Amino acid sequence: MLSQVYRSGSQSFNHLLPWVKSTAVSRSHRVQPSAIRHVRYWSNIPFITVPLSRTHGKSFAHRSELKHAKRIVVKLGSAVVTRGDECGLALGRLASIVEQVSVLQNQGREMILVTSGAVAFGKQRLRHEILLSQSVRQALHSGQNQLKEMAIPVLEARACAAAGQSGLMALYEAMFTQYSICAAQILVTNLDFHDEQKRRNLNGTLHELLRMNIVPIVNTNDAVVPPAEPNSDLQGVNVISVKDNDSLAARLAVEMKTDLLIVLSDVEGLFDSPPGSDDAKLIDIFYPGDQQSVTFGTKSRVGMGGMEAKVKAALWALQGGTSVVIANGTHPKVSGHVITDIVEGKKVGTFFSEVKPAGPTVEQQGEMARSGGRTLATLEPEQRAEIIHHLADLLTDQRDEILLANKKDLEEAEGRLAAPLLKRLSLSTSKLNSLAIGLRQIAASSQDSVGRVLRRTRIAKNLELEQVTVPIGVLLVIFESRPDCLPQVAALAIASGNGLLLKGGKEAAHSNRILHLLTQEALSIHGVKEAVQLVNTREEVEDLCRLDKLIDLIIPRGSSQLVRDIQKAAKGIPVMGHSEGICHLYVDSEASVDKVTRLVRDSKCEYPAACNALETLLIHRDLLRTPLFDQIIDMLRVEQVKIHAGPKFASYLTFSPSEVKSLRTEYGDLELCIEVVDSVQEAIDHIHKYGSSHTDVIVTENENTAEFFLQHVDSACVFWNASTRFSDGYRFGLGAEVGISTSRIHARGPVGLEGLLTTKWLLRGQDHVVSDFSEHGSLKYLHENLPVPQRNTN
């Protein structure tokens, strides 16, 4: 074992080099920043150029602006760089950090690294030196306990730093070389900043290195630095002592006029109380003056500075015009991309900002929605219905104000949105009237929703169990373009007693704002105004999907791409929705000539952008070259529908339309795929292979064929002689829908009031204990089904 111990910094570096190479190259494909414009490849990693320009002087106000950061300091705390035993380096984390820094450097940014680790590396080397200096006989006869004590000698930190600095730098140089990046070492002390000549020299050196595309690796010269003193001088922009790497990074960031300082530690960021305590909450954005609301805990397990020192240094840097983020660099699930995530503006760690938002944060909105939702659920059914009726009245009473706001959205969207999206965005008097009618339907159906008894069981004498309906909790509904979605979803949430967070598209901002105000006005009549929240902050959808402690269910309403993105981004939160709306209509050999063209026209042409619009028309082979087939083609031509031929249909034609690229295409426009099948079974097989389990239709006069289709097609909605467009909550009599679900868990199809409820179990006993029902106990289980109270259907 001892023979394998490396005895010098160079030997240490050579011993690790093969691992460094393999790790760096194998990990390089994992960091792919989204803000890529032009990609080249250089030494197995993407070499990206991003337009970056910014005048330093004022810190960024919002996370989303961090992507514009040109010059960035990354500070690696001792807990990030060192292993858990504090002797040696955490090589995997270092390789990941170097990779991320390299990616950002190759984007055209100027990266500066402030690193700890020399003491830990030196401690490892000196410990081995002491062990090797003992004679083999001494080591063999010293006894196991004594040997263990020898393995961790008491070593002076400055000596460890002197022994470890060269090896640490050699390791960094080897890692950066894998990405064709040159690194340079700079050791500093407090004097280098306070002596004017030394400060100018340091500044010039750093600027020259950055100009030459070299990454400076900066560290305090721990071999000569004096012992740490209390932070007493963090008062002004020009006064800060370099006592640890936190203060060094802050001083360096301001000195070099950097845009961003990233401080990596072993905690997720700044908490309002010591991390690990029961009520500790991560602070997303920290503002100067908020220090009084934070209780600091103990210092890090290694290093010289605790979180209090980091916050003081961060605020000092912020005052100097540099934005700061404190984040976790040790978490295995996020440390592989924490730096690039921060620069992309994602919600990672604690962001320090001087600009306080006018309204509450999204976390605060989530808390308000949960609290308001719980109160809403305790209201009487008549009270919830009264709120919804009042909202319906407001939609018609305030019609002019709503349409005026919608007109502003339409004017701003003109030329930017496609015609189908503009149609979705547009509100009208008839739409508002239909909305009001739908809301009143929801109010009527809400009379017996929350608290409805589904099952009653007598477990034993005087021990009765009930299963009752309850709200899911807090819903996050993300929707595009359609402002009429807001009152529909709000009414369903109110009826089901759920708290609600709404995130609408920017294109409908004016319409959404007034509709939300009217919703809160209606909620106010029973004191639950905060149960429905509209997210107006600059939160990215991906960040909202990470709020698993605030949100119980995400419901996306929009394009299939939006749904897929949300399903991918959701971390521990269920997503209810459909990925695509690939709807089929099968024309059977016994279809009615009079019905087919009407059903195809309505399914495809009435609203082609809807998710329940027809995308693939399946035609029985016997209908080819018949008057019925000609009528279908003529109707589609008149309606200006572009036809794509499926492979089998194309084989029947001498001159066919363009052959379809994929049979799994959702066109969302006046385009349609036509394919030929030989039987109803082949139609079913085609639907199961290429469909999305949304809505599928058969047109036939043969009842047996129709029933076979209805029973065997495994989709959320299956129709006989009816348009696909009936797949809608309002048309189903649900009043409205929060969306259409194609999943097989929980709600399926158009999701109305019932789909927003779950259940809980209520057990009422009289001093019952399980031991009484044991083999030798005095009681026996009865498990008798009891009558359930009749549901109010008025």
# chains A, B, ... in the order shown; residues from 1 in each chain; ligands from 1

$ closest_atom_pairs --of "segment 514-571 of chain A" --to "segment 728-744 of chain A" --cutoff "12 Å" --atoms "only C-alpha atoms" --output "JSON lines"
{"residue": "A:Leu553", "atom": "CA", "partner": "A:Val738", "partner_atom": "CA", "distance": 11.6}
{"residue": "A:Ile554", "atom": "CA", "partner": "A:Val738", "partner_atom": "CA", "distance": 10.4}
{"residue": "A:Ile555", "atom": "CA", "partner": "A:Gly739", "partner_atom": "CA", "distance": 7.1}
{"residue": "A:Pro556", "atom": "CA", "partner": "A:Gly739", "partner_atom": "CA", "distance": 7.5}
{"residue": "A:Arg557", "atom": "CA", "partner": "A:Gly739", "partner_atom": "CA", "distance": 6.1}
{"residue": "A:Gly558", "atom": "CA", "partner": "A:Gly739", "partner_atom": "CA", "distance": 9.1}
{"residue": "A:Ser559", "atom": "CA", "partner": "A:Gly739", "partner_atom": "CA", "distance": 11.7}
{"residue": "A:Ser560", "atom": "CA", "partner": "A:Ile740", "partner_atom": "CA", "distance": 11.8}
{"residue": "A:Val563", "atom": "CA", "partner": "A:Ser741", "partner_atom": "CA", "distance": 10.9}

$ residues_around --residues "Pro647 of chain A" --least-positions-apart "5" --cutoff "10 Å" --atoms "only C-alpha atoms" --output "ChimeraX atom specification"
/A:652,659-663,674-676

$ closest_atom_pairs --of "segment 451-486 of chain A" --to "segment 508-516 of chain A" --cutoff "8 Å" --atoms "only C-alpha atoms" --output "tab-separated table"
residue	atom	partner	partner_atom	distance
A:Ser481	CA	A:Ala508	CA	5.9
A:Arg482	CA	A:Ala508	CA	7.3
A:Pro483	CA	A:Asn512	CA	5.7
A:Leu486	CA	A:Asn512	CA	7.0

$ closest_residue --among "A:Ser265, A:Asn219, A:Thr758, A:Thr361" --to "Val80 of chain A" --atoms "only C-alpha atoms"
A:Ser265

$ atom_distance --atom1 "atom CA of Pro627 of chain A" --atom2 "atom CA of Arg725 of chain A"
25.7 Å

$ closest_residue --among "A:Glu507, A:Asp634, A:Asp278, A:Glu754" --to "Leu492 of chain A" --atoms "only C-alpha atoms"
A:Glu754

$ residues_around --residues "Leu585 of chain A" --least-positions-apart "5" --cutoff "12 Å" --atoms "only C-alpha atoms" --output "JSON, numbers by chain"
{"A": [591, 596, 597, 599, 600, 601, 602, 603, 604, 612, 613, 614, 615, 616, 617, 618, 619, 620, 672, 673, 674, 675, 676, 677, 680, 683, 684, 686, 687, 691, 694, 695, 696, 697, 698, 699, 700, 709, 713, 718, 719, 720, 721, 722, 723, 724, 725]}

$ residues_around --residues "Val224 of chain A" --least-positions-apart "4" --cutoff "10 Å" --atoms "only C-alpha atoms" --output "list of chain:residue names"
A:Arg158, A:Ala159, A:Ala161, A:Ala162, A:Val188, A:Thr189, A:Thr220

$ write_last_selection --atoms "all heavy atoms" --output "mmCIF file, in the first residue's frame"
data_model
loop_
_atom_site.group_PDB
_atom_site.id
_atom_site.type_symbol
_atom_site.label_atom_id
_atom_site.label_comp_id
_atom_site.auth_asym_id
_atom_site.auth_seq_id
_atom_site.Cartn_x
_atom_site.Cartn_y
_atom_site.Cartn_z
ATOM 1 N N ARG A 158 0.157 26.234 7.020
ATOM 2 C CA ARG A 158 1.030 26.941 6.075
ATOM 3 C C ARG A 158 2.023 25.982 5.431
ATOM 4 O O ARG A 158 2.319 26.095 4.244
ATOM 5 C CB ARG A 158 1.744 28.092 6.772
ATOM 6 C CG ARG A 158 0.831 29.291 7.039
ATOM 7 C CD ARG A 158 1.631 30.525 7.417
ATOM 8 N NE ARG A 158 2.160 30.416 8.775
ATOM 9 C CZ ARG A 158 1.547 30.924 9.847
ATOM 10 N NH1 ARG A 158 0.414 31.568 9.713
ATOM 11 N NH2 ARG A 158 2.079 30.790 11.050
ATOM 12 N N ALA A 159 2.505 25.017 6.218
ATOM 13 C CA ALA A 159 3.409 24.016 5.654
ATOM 14 C C ALA A 159 2.673 23.153 4.623
ATOM 15 O O ALA A 159 3.214 22.809 3.563
ATOM 16 C CB ALA A 159 3.978 23.140 6.764
ATOM 17 N N ALA A 161 0.136 24.083 2.804
ATOM 18 C CA ALA A 161 -0.078 24.895 1.613
ATOM 19 C C ALA A 161 1.175 24.948 0.751
ATOM 20 O O ALA A 161 1.104 24.836 -0.480
ATOM 21 C CB ALA A 161 -0.506 26.305 2.011
ATOM 22 N N ALA A 162 2.328 25.115 1.391
ATOM 23 C CA ALA A 162 3.584 25.174 0.650
ATOM 24 C C ALA A 162 3.835 23.869 -0.093
ATOM 25 O O ALA A 162 4.321 23.864 -1.233
ATOM 26 C CB ALA A 162 4.736 25.480 1.610
ATOM 27 N N VAL A 188 -1.573 35.494 -4.203
ATOM 28 C CA VAL A 188 -1.688 36.867 -3.713
ATOM 29 C C VAL A 188 -1.802 36.879 -2.195
ATOM 30 O O VAL A 188 -2.145 35.870 -1.566
ATOM 31 C CB VAL A 188 -2.925 37.577 -4.317
ATOM 32 C CG1 VAL A 188 -2.806 37.688 -5.818
ATOM 33 C CG2 VAL A 188 -4.200 36.848 -3.931
ATOM 34 N N THR A 189 -1.520 38.039 -1.627
ATOM 35 C CA THR A 189 -1.745 38.309 -0.205
ATOM 36 C C THR A 189 -2.491 39.635 -0.099
ATOM 37 O O THR A 189 -2.711 40.324 -1.102
ATOM 38 C CB THR A 189 -0.426 38.391 0.574
ATOM 39 O OG1 THR A 189 0.333 39.496 0.075
ATOM 40 C CG2 THR A 189 0.386 37.104 0.426
ATOM 41 N N THR A 220 -4.953 32.550 -2.407
ATOM 42 C CA THR A 220 -4.168 33.258 -1.392
ATOM 43 C C THR A 220 -2.880 32.477 -1.160
ATOM 44 O O THR A 220 -2.869 31.238 -1.199
ATOM 45 C CB THR A 220 -4.947 33.360 -0.072
ATOM 46 O OG1 THR A 220 -5.382 32.058 0.317
ATOM 47 C CG2 THR A 220 -6.144 34.278 -0.203
#

$ closest_residue --among "A:Val593, A:Ala609, A:Leu465, A:Gly581" --to "Gly749 of chain A" --atoms "only C-alpha atoms"
A:Gly581

$ residues_around --residues "segment 765-781 of chain A" --least-positions-apart "5" --cutoff "7 Å" --atoms "only C-alpha atoms" --output "list in words"
Ile459, Ala460, Asn462, Leu463 and Glu464 of chain A

$ write_last_selection --atoms "C-alpha atoms" --output "mmCIF file, in the first residue's frame"
data_model
loop_
_atom_site.group_PDB
_atom_site.id
_atom_site.type_symbol
_atom_site.label_atom_id
_atom_site.label_comp_id
_atom_site.auth_asym_id
_atom_site.auth_seq_id
_atom_site.Cartn_x
_atom_site.Cartn_y
_atom_site.Cartn_z
ATOM 1 C CA ILE A 459 -64.356 -1.939 10.011
ATOM 2 C CA ALA A 460 -65.670 -3.101 13.370
ATOM 3 C CA ASN A 462 -68.109 1.739 16.331
ATOM 4 C CA LEU A 463 -65.180 1.913 13.885
ATOM 5 C CA GLU A 464 -66.239 3.398 10.540
#

$ select_by_dssp --residues "segment 557-740 of chain A" --states "strand (DSSP E)" --output "JSON, numbers by chain"
{"A": [557, 583, 584, 585, 586, 587, 614, 615, 616, 617, 618, 619, 620, 642, 643, 644, 645, 671, 672, 673, 674, 675, 676, 677, 695, 696, 697, 698, 699, 717, 718, 719, 720, 739, 740]}

$ residues_around --residues "segment 109-116 of chain A" --least-positions-apart "5" --cutoff "6 Å" --atoms "only C-alpha atoms" --output "number ranges by chain"
A: 70-78, 104, 215-219

$ atom_distance --atom1 "atom CA of Gln520 of chain A" --atom2 "atom CA of Ala369 of chain A"
11.9 Å

$ closest_residue --among "A:Gly497, A:Arg452, A:Thr759, A:Glu466" --to "Ala385 of chain A" --atoms "only C-alpha atoms"
A:Gly497
